[in-house]
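K.L.:
One structure, as structure tokens, below. Some questions next.
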Amino acid sequence: MTDLAVKKIVIVGGGTAGWMSAAALSSIMGNSVDVHLVESEAIGTVGVGEATIPQIQLFNKLLGFDENEFIRTTQATFKLGIEFVNWGKIGDSYIHPFGKFGVDMDGIRFHHHWLRSRAMGNTSPVGDYCLQVKAAYSQKFQRPENIPGSPISNIDYAFQFDAGLYAKFMRVHAEKSGCKRTEGRIVTANQDAQNGHVTSVVLEDGREIEGDFFIDCSGFFGLLISKALGNGYVDWTKWLPCDRAAAIPCKKVADALPYTRATAKEAGWQWRIPLQHRTGNGYVYCSKFIDDDAALNSLMDDIDGAPLADPKMIKFTTGHRTKFWDKNVLSLGLAAGFMEPLESTSIHMIQTGLSRLMTVFPDKTFNDADLHHYNAETLQEYESVRDFLVLHYSATQRDDTPFWRHCQQMDIPDTLKRKLEYYKQNARIHRANDELFTETSWFAVMNGQNIMPARYHPIANQLSKDTFMARMDELHSVISKSSDYMPGHEDYIAKHCKAQEETFS
Amino acid sequence: MSKAQHIIIVASDLSGYMAAAYLARMLPASDYEFTLVRAGELRAAALFGVAHPDLRRFNKTLQINEVDFITTCNATFRLGVTVSGFGKAPYKRTFSQYGVPIDGAGFYDALLANNHSPHPADLEQYNLPAAMIQAGKFTLPADSSKPILSDFDYGYCFDTRSYAEMLCECTMRFGVKIIDSPSVRLDADNTHVILDDDRVLQADLIVDATASQTNVQRESWQDQMPFSSYTVSHSDGGPKSLSLAPELRAGADIVSLSYDLQHSTTKVTFGQSGDIEFRPGRAATAWTGNVVRLGLSAMTLFPVDANLTQIAQIDIERLVELFPPNLSAPIEREEYNRRTSEFYDRMRDFASLHLKTARTQGDIWDRLSAMALPLDAAYKLSLFSACGRIAVLDEESILKDSWHAMLLGHDIIPARASRMAMNVTAAQLDANLKRLSDFISRAVSAMPSQEDFIARHCPAPNRTSR
Ligand SMILES: Cc1cc2nc3c(=O)[nH]c(=O)nc-3n(C[C@H](O)[C@H](O)[C@H](O)COP(=O)(O)OP(=O)(O)OC[C@H]3O[C@@H](n4cnc5c(N)ncnc54)[C@H](O)[C@@H]3O)c2cc1C
């Protein structure tokens, strides 16, 4: 049993994916394997990727990070959700929160009850029943506090951080746990003549690094998974047409908001990610509908502080590798695939890739059953995230530019069609295979972009009108009171996790 | 919704009674009318007499008090199932996990990495309910979060007929009309129920719990579960000591399931020459037109996990969850059918692997061990054999721990342990095992016997039940 054990893991690439893998593998697998990372300063990293979702807390816990130290080191702020501006129609906005709306009653989701109340004349938007939404708009934040029965005991949150500092933080942790690092540019990979497995990578200066198992984190290049093993790429541009991004950090001009903003624009959308020391901005656009110069101008018009660096122009193709894991090469991060950061999912998918890897950690036979399991689950995850992203574009009433007209007419995946149909008729939300985005998320976006179902769940009529309206009022006031109770976001940071000084990456 | 919609439940097995009570409890009385048609004597009563912990949730929703339930239904507590004759030694599957994770590694991985037997028969001292079954001791799970002591779960063995009567009382409280009609027919377009006395009832939805799968397109599972009939025997008076787990026992050409109630014992023996026909399989679609099939009219499963009542409950809860606001051609029907078929097929996978991997001697077992598995079951087996992982598929309700115990109990040993376990040393493992078994044996010795517990809290009157 032991002679088949993987002894040496080589990680190719030192971006977010590479260093997260290095930190996780070297700290979890301890001394039983050597972890070796190769990266090239000259090539550099993508260096964007600053907004996360709450599951990142699991990763931090697993690796034993102190959360406040993590926040200080990465200049992080807290994130309660994402605000979507101008997506349904120009002038609309809604928050997709990291927390539930209201409470489920009689075994059915709150949104059915809210729909009933609307039919009875209630004009409060559904966000009024969600603490995260209320707190986000009031710029409040605190971590959950054990107050039985209060929504404050249940505050889910994520972070917005500096991607460069995050990779450094991971690196320090990985090296502390024994990960070795080599600087240099990889020019080729050697493969076993018989089974095609990668046996080593060769650097520009002729050095050769051998390994049993390779994790390809080389970014869009896909050095091993694509260049060496020849895996193709499944292109999803027909569903998610954006293919470029222009990113630029700017000076912080106001208190950091506890949420990310995504504003729909003429040919794509712009993110705004507030950190402790600066604000991250980027315009994700479709090159068929706007050229790079116009996109850059549009980005610069819509930033609220002075630029702190030159803009970074990034090209991408939305989609994924035909196989995420092939032979003895597993791809993670941009090497595995890419979907635009509209719902901040990429870092999360690195993390789920790692945890999936840990559950089926291979031996040197690289058994088909394990690979199959990993690839099938990963594909399912990609597809479900894809559908959720496509929803944002297809559920628009905008027809002010050719881009949005294209989105309205665009064909959408059958799985999404079914979901929409299902919601439109009876307010049902169909969630398959434990997919990442919950009923709350699907509802937030569908409702936020003005899709109105024809009916709601019959059980919502169980309570008598008066009792029901009294309950809804009470819920509303609990949320307002809870939000009032919470401290301001900046105050909370100042008290618990203020970064020492401005550190620029 | 101007006019109330009419839902008729035709009940021949327990699932119909459960459905009538639950639907009437959950759906608003202002919008629905219910009729429960009791179609003859309760069928397959013995098969439904074993409940998973889920039934407690069900009873709570129906406001059925637990002590009332136990005393009325002659019930005993159930902590799992004892499986004999399938592996090298009898073993137990309970509703909680064996062992605890050790230094971040799964319990079984830590055992495998240190060449310790992972067979559940060798691990009873590391699973609280298994040790309780062994010792005949019972107490309720601790309510605050005390590790181990609050982590186990229990169901019941109970008298199905008494429970059906309790459910009828509930339904009446919830405004359901009850009609007795030993035989029942549906009209050609499945929108009317025709009673014994030729009365015709119009329905917007018919719940078919007639325990019969005739006139339905079905998928047969006879190859994977080759037992075509069963016999039920009861002995009254009750055993001296009450078992906390039904026993599933494999013999040369039979499998039996036996369980204790407070004052009687029931034994169901499956084979080829029993009194009652048994045809494993499921309806191709559970909900067609206006008719939703439940219980044995939807699927007949070889009950290796003794879970027919649980299956009926989950089906009913799913029906309520997906209950359409408009009953004509509802969009939810397709989703109900998709999920239900998946759910049934997961049960089928468990049962077919359970039978196929048995190490029992006999013709039937030889045939079973050569039988081709359904694809999903084969995948599960190959993944587990390679690395000890359980592939959890959509709509799976069988606990991961049950999968582990079943496969390991039938001597399917993974080729390798997780790498997370490589750091667990023998000394660390031994220390953990010792601590755990000391804790469990101390906990069990402080518990009352099940007989004493029942006598103190919930004794059933000693009357003869069937
Ligand atoms: C516009 C944009 C916005 C994004 N926003 C978010 C967000 O808000 N939230 C989120 O979760 N994710 C976001 N992402 C995704 C996120 O940035 C990536 O998932 C993350 O940065 C991981 O990148 P990576 O490590 O895979 O690749 P990279 O950062 O590109 O790293 C690749 C590494 O490989 C090395 N390398 C490449 N070739 C060689 C070679 N030949 N020899 C040696 N080394 C080599 C490079 O030096 C580098 O170290 C965004 C991505 C884009 C493009």
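Residues in the structure tokens are numbered from 1 in each chain, the chains being A, B, ... in the order shown, and ligands are numbered from 1 in the order shown.
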Using only C-alpha atoms, tabulate the residues of chain B lying at most 6 Å from any atom of chain A, each with its closest atom pair and that distance in Å to one decimal, by chain and increasing residue number, as JSON lines.
P.N.:
{"residue": "B:Leu27", "atom": "CA", "partner": "A:Ile459", "partner_atom": "CA", "distance": 5.3}
{"residue": "B:Pro28", "atom": "CA", "partner": "A:Gln462", "partner_atom": "CA", "distance": 4.4}
{"residue": "B:Pro325", "atom": "CA", "partner": "A:Pro458", "partner_atom": "CA", "distance": 5.2}
{"residue": "B:Leu383", "atom": "CA", "partner": "A:Ala369", "partner_atom": "CA", "distance": 5.6}
{"residue": "B:Asp394", "atom": "CA", "partner": "A:Asn433", "partner_atom": "CA", "distance": 5.4}
K.L.:
Please, could you write that set of residues out with all heavy atoms as a JSON list (two decimals), in the first residue's frame?
P.N.:
[["chain", "number", "residue", "atom", "x", "y", "z"],
["B", 27, "LEU", "N", -52.15, 21.64, 4.36],
["B", 27, "LEU", "CA", -52.80, 22.49, 3.35],
["B", 27, "LEU", "C", -53.95, 23.27, 3.98],
["B", 27, "LEU", "O", -54.68, 22.74, 4.81],
["B", 27, "LEU", "CB", -53.30, 21.63, 2.19],
["B", 27, "LEU", "CG", -52.19, 20.94, 1.38],
["B", 27, "LEU", "CD1", -52.79, 19.94, 0.39],
["B", 27, "LEU", "CD2", -51.34, 21.96, 0.64],
["B", 28, "PRO", "N", -54.12, 24.53, 3.60],
["B", 28, "PRO", "CA", -55.14, 25.36, 4.23],
["B", 28, "PRO", "C", -56.56, 24.84, 4.02],
["B", 28, "PRO", "O", -56.96, 24.55, 2.88],
["B", 28, "PRO", "CB", -54.98, 26.73, 3.56],
["B", 28, "PRO", "CG", -53.93, 26.59, 2.54],
["B", 28, "PRO", "CD", -53.31, 25.26, 2.63],
["B", 325, "PRO", "N", -50.23, 24.85, -6.79],
["B", 325, "PRO", "CA", -51.35, 25.74, -6.55],
["B", 325, "PRO", "C", -52.50, 25.50, -7.53],
["B", 325, "PRO", "O", -53.64, 25.82, -7.23],
["B", 325, "PRO", "CB", -50.77, 27.14, -6.73],
["B", 325, "PRO", "CG", -49.39, 26.99, -7.20],
["B", 325, "PRO", "CD", -49.01, 25.56, -7.18],
["B", 383, "LEU", "N", -15.97, 2.92, -6.39],
["B", 383, "LEU", "CA", -15.32, 4.04, -5.69],
["B", 383, "LEU", "C", -14.98, 3.63, -4.26],
["B", 383, "LEU", "O", -13.88, 3.90, -3.77],
["B", 383, "LEU", "CB", -16.24, 5.27, -5.68],
["B", 383, "LEU", "CG", -15.61, 6.54, -5.10],
["B", 383, "LEU", "CD1", -14.51, 7.07, -6.02],
["B", 383, "LEU", "CD2", -16.65, 7.63, -4.86],
["B", 394, "ASP", "N", -27.75, 12.39, -5.88],
["B", 394, "ASP", "CA", -28.94, 13.20, -5.69],
["B", 394, "ASP", "C", -30.05, 12.40, -5.02],
["B", 394, "ASP", "O", -30.25, 11.24, -5.35],
["B", 394, "ASP", "CB", -29.41, 13.65, -7.10],
["B", 394, "ASP", "CG", -29.90, 15.07, -7.08],
["B", 394, "ASP", "OD1", -29.77, 15.72, -6.03],
["B", 394, "ASP", "OD2", -30.41, 15.53, -8.10]]
K.L.:
With a cut-off of 7 Å, could you pull out the residues of chain A touching ligand 1 and give me the nearest pair of atoms for each, distance in Å to one decimal, using only C-alpha atoms and all ligand atoms, ordered by chain and ascending number, as a Markdown table?
P.N.:
| residue | atom | partner | partner_atom_place_in_ligand_line | distance |
| --- | --- | --- | --- | --- |
| A:Val12 | CA | ligand 1 | 44 (N) | 6.1 |
| A:Gly13 | CA | ligand 1 | 34 (O) | 3.2 |
| A:Gly14 | CA | ligand 1 | 49 (O) | 3.4 |
| A:Gly15 | CA | ligand 1 | 25 (O) | 3.4 |
| A:Thr16 | CA | ligand 1 | 25 (O) | 4.0 |
| A:Ala17 | CA | ligand 1 | 25 (O) | 3.7 |
| A:Gly18 | CA | ligand 1 | 25 (O) | 5.3 |
| A:Val38 | CA | ligand 1 | 43 (C) | 6.0 |
| A:Glu39 | CA | ligand 1 | 44 (N) | 3.8 |
| A:Ser40 | CA | ligand 1 | 47 (O) | 4.0 |
| A:Glu41 | CA | ligand 1 | 47 (O) | 5.6 |
| A:Ala42 | CA | ligand 1 | 47 (O) | 6.8 |
| A:Ile43 | CA | ligand 1 | 47 (O) | 4.6 |
| A:Gly44 | CA | ligand 1 | 47 (O) | 4.2 |
| A:Thr45 | CA | ligand 1 | 29 (O) | 3.7 |
| A:Val46 | CA | ligand 1 | 29 (O) | 3.9 |
| A:Gly47 | CA | ligand 1 | 29 (O) | 5.5 |
| A:Val48 | CA | ligand 1 | 17 (O) | 4.5 |
| A:Gly49 | CA | ligand 1 | 6 (C) | 3.1 |
| A:Glu50 | CA | ligand 1 | 8 (O) | 4.4 |
| A:Ala51 | CA | ligand 1 | 8 (O) | 3.9 |
| A:Thr52 | CA | ligand 1 | 11 (O) | 5.2 |
| A:Gly184 | CA | ligand 1 | 43 (C) | 5.8 |
| A:Arg185 | CA | ligand 1 | 42 (N) | 3.7 |
| A:Ile186 | CA | ligand 1 | 42 (N) | 3.7 |
| A:Val187 | CA | ligand 1 | 41 (N) | 5.9 |
| A:Cys217 | CA | ligand 1 | 26 (O) | 5.1 |
| A:Ser218 | CA | ligand 1 | 34 (O) | 3.3 |
| A:Gly219 | CA | ligand 1 | 27 (O) | 3.5 |
| A:Phe220 | CA | ligand 1 | 30 (O) | 6.2 |
| A:Phe221 | CA | ligand 1 | 38 (N) | 6.1 |
| A:Leu223 | CA | ligand 1 | 38 (N) | 6.6 |
| A:Ala245 | CA | ligand 1 | 1 (C) | 5.0 |
| A:Ala246 | CA | ligand 1 | 1 (C) | 7.0 |
| A:Ala247 | CA | ligand 1 | 1 (C) | 6.7 |
| A:Gly282 | CA | ligand 1 | 1 (C) | 6.9 |
| A:Val284 | CA | ligand 1 | 1 (C) | 6.7 |
| A:Ile314 | CA | ligand 1 | 53 (C) | 6.3 |
| A:Phe316 | CA | ligand 1 | 53 (C) | 6.9 |
| A:Leu332 | CA | ligand 1 | 26 (O) | 6.3 |
| A:Gly333 | CA | ligand 1 | 26 (O) | 3.5 |
| A:Leu334 | CA | ligand 1 | 26 (O) | 3.8 |
| A:Ala335 | CA | ligand 1 | 26 (O) | 5.6 |
| A:Glu340 | CA | ligand 1 | 2 (C) | 6.5 |
| A:Pro341 | CA | ligand 1 | 5 (N) | 4.5 |
| A:Ser344 | CA | ligand 1 | 9 (N) | 3.9 |
| A:Thr345 | CA | ligand 1 | 11 (O) | 4.8 |
| A:Ser346 | CA | ligand 1 | 11 (O) | 3.9 |
| A:Ile347 | CA | ligand 1 | 11 (O) | 3.6 |
| A:His348 | CA | ligand 1 | 11 (O) | 6.0 |
K.L.:
Between atom CA of B:Asn290 and atom CA of B:Leu205, what is the distance in Å, rounded to a tenth?
P.N.:
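Distance reported for this atom pair: 5.0 Å.
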K.L.:
I'd like to know which residues of stretch 170-323 of chain B are strand (DSSP E or B) (by DSSP, run on the backbone); could you write them as number ranges by chain?
P.N.:
B: 177-180, 185-186, 192-194, 200-202, 205-209, 218-220, 229-236, 247-250, 255-260, 264-271, 276-277, 281-283, 287-288, 291-293, 299-300
K.L.:
Compare B:Val232, B:Ile398, B:Leu36, B:Ala372 by their minimum atom-to-atom distance to B:Gln310, counting only C-alpha atoms, and give me the closest one.
P.N.:
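That would be B:Ile398, the residue with the smallest distance to B:Gln310.
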K.L.:
If we count only C-alpha atoms, what is near A:Thr188 at a cut-off of 12 Å, once residues fewer than 4 positions away on the same chain are taken out, given as a list in words?
P.N.:
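Counting only C-alpha atoms, the residues come to Val12, Val198, Thr199, Ser200, Val201, Val202, Leu203, Glu204, Asp205, Gly206, Arg207, Glu208, Ile209, Leu223, Leu224, Lys227, Ala228 and Leu229 of chain A.
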K.L.:
Considering only C-alpha atoms, return as a PyMOL selection string whatever protein or nucleic-acid residues lie within 12 Å of B:Arg318, sequence-local ones (same chain, fewer than 2 positions apart) excluded.
P.N.:
(chain A and resi 107-108) or (chain B and resi 19+22-23+292+294+311-316+320-324+332-333+335-340+343+395)
K.L.:
Based on DSSP run over this structure's backbone, return all residues of stretch 60-244 of chain A in alpha helix (DSSP H), as a ChimeraX atom specification.
P.N.:
/A:60-62,67-74,110-119,131-137,163-176
K.L.:
Skip stretch 84-99 of chain A itself and residues of its chain fewer than 2 positions away, then list as a list in words all residues within 6 Å of it, counting only C-alpha atoms.
P.N.:
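What passes the distance filter is Leu80, Gly81, Ile82, Gln132, Asp156, Ala262, Thr263, Ala264, Thr396, Gln397, Arg398, Ala444, Gly448 and Gln449 of chain A.
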K.L.:
Work out how far atom CA of A:Gly127 is from atom CA of A:Lys481, in Å to one decimal.
P.N.:
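For atom CA of A:Lys481 relative to atom CA of A:Gly127, the distance reads 14.4 Å.
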K.L.:
With only C-alpha atoms as the counted atoms, please give the residues lying no more than 12 Å from B:Asn115, apart from itself and same-chain residues fewer than 4 positions off, as an NGL selection string.
P.N.:
(:A and (1)) or (:B and (108-111 or 119 or 413-417 or 421-422 or 424-426 or 429-430))
K.L.:
Residues near stretch 191-195 of chain B, anyone? I mean within 10 Å using only C-alpha atoms, not counting same-chain ones fewer than 4 positions away, as a PyMOL selection string.
P.N.:
chain B and resi 8-10+37+39+179-187+199-206+289-291
K.L.:
Please determine, counting only C-alpha atoms, which residue among B:Ile70, B:Ile64, B:Met225, B:Leu79 has the shortest atom-to-atom distance to B:Trp365.
P.N.:
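Counting only C-alpha atoms, the residue closest to B:Trp365 is B:Met225.
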K.L.:
Closest to B:Glu277 among B:Ala4, B:Ser15, B:Asp253, B:Tyr230, using only C-alpha atoms?
P.N.:
B:Tyr230
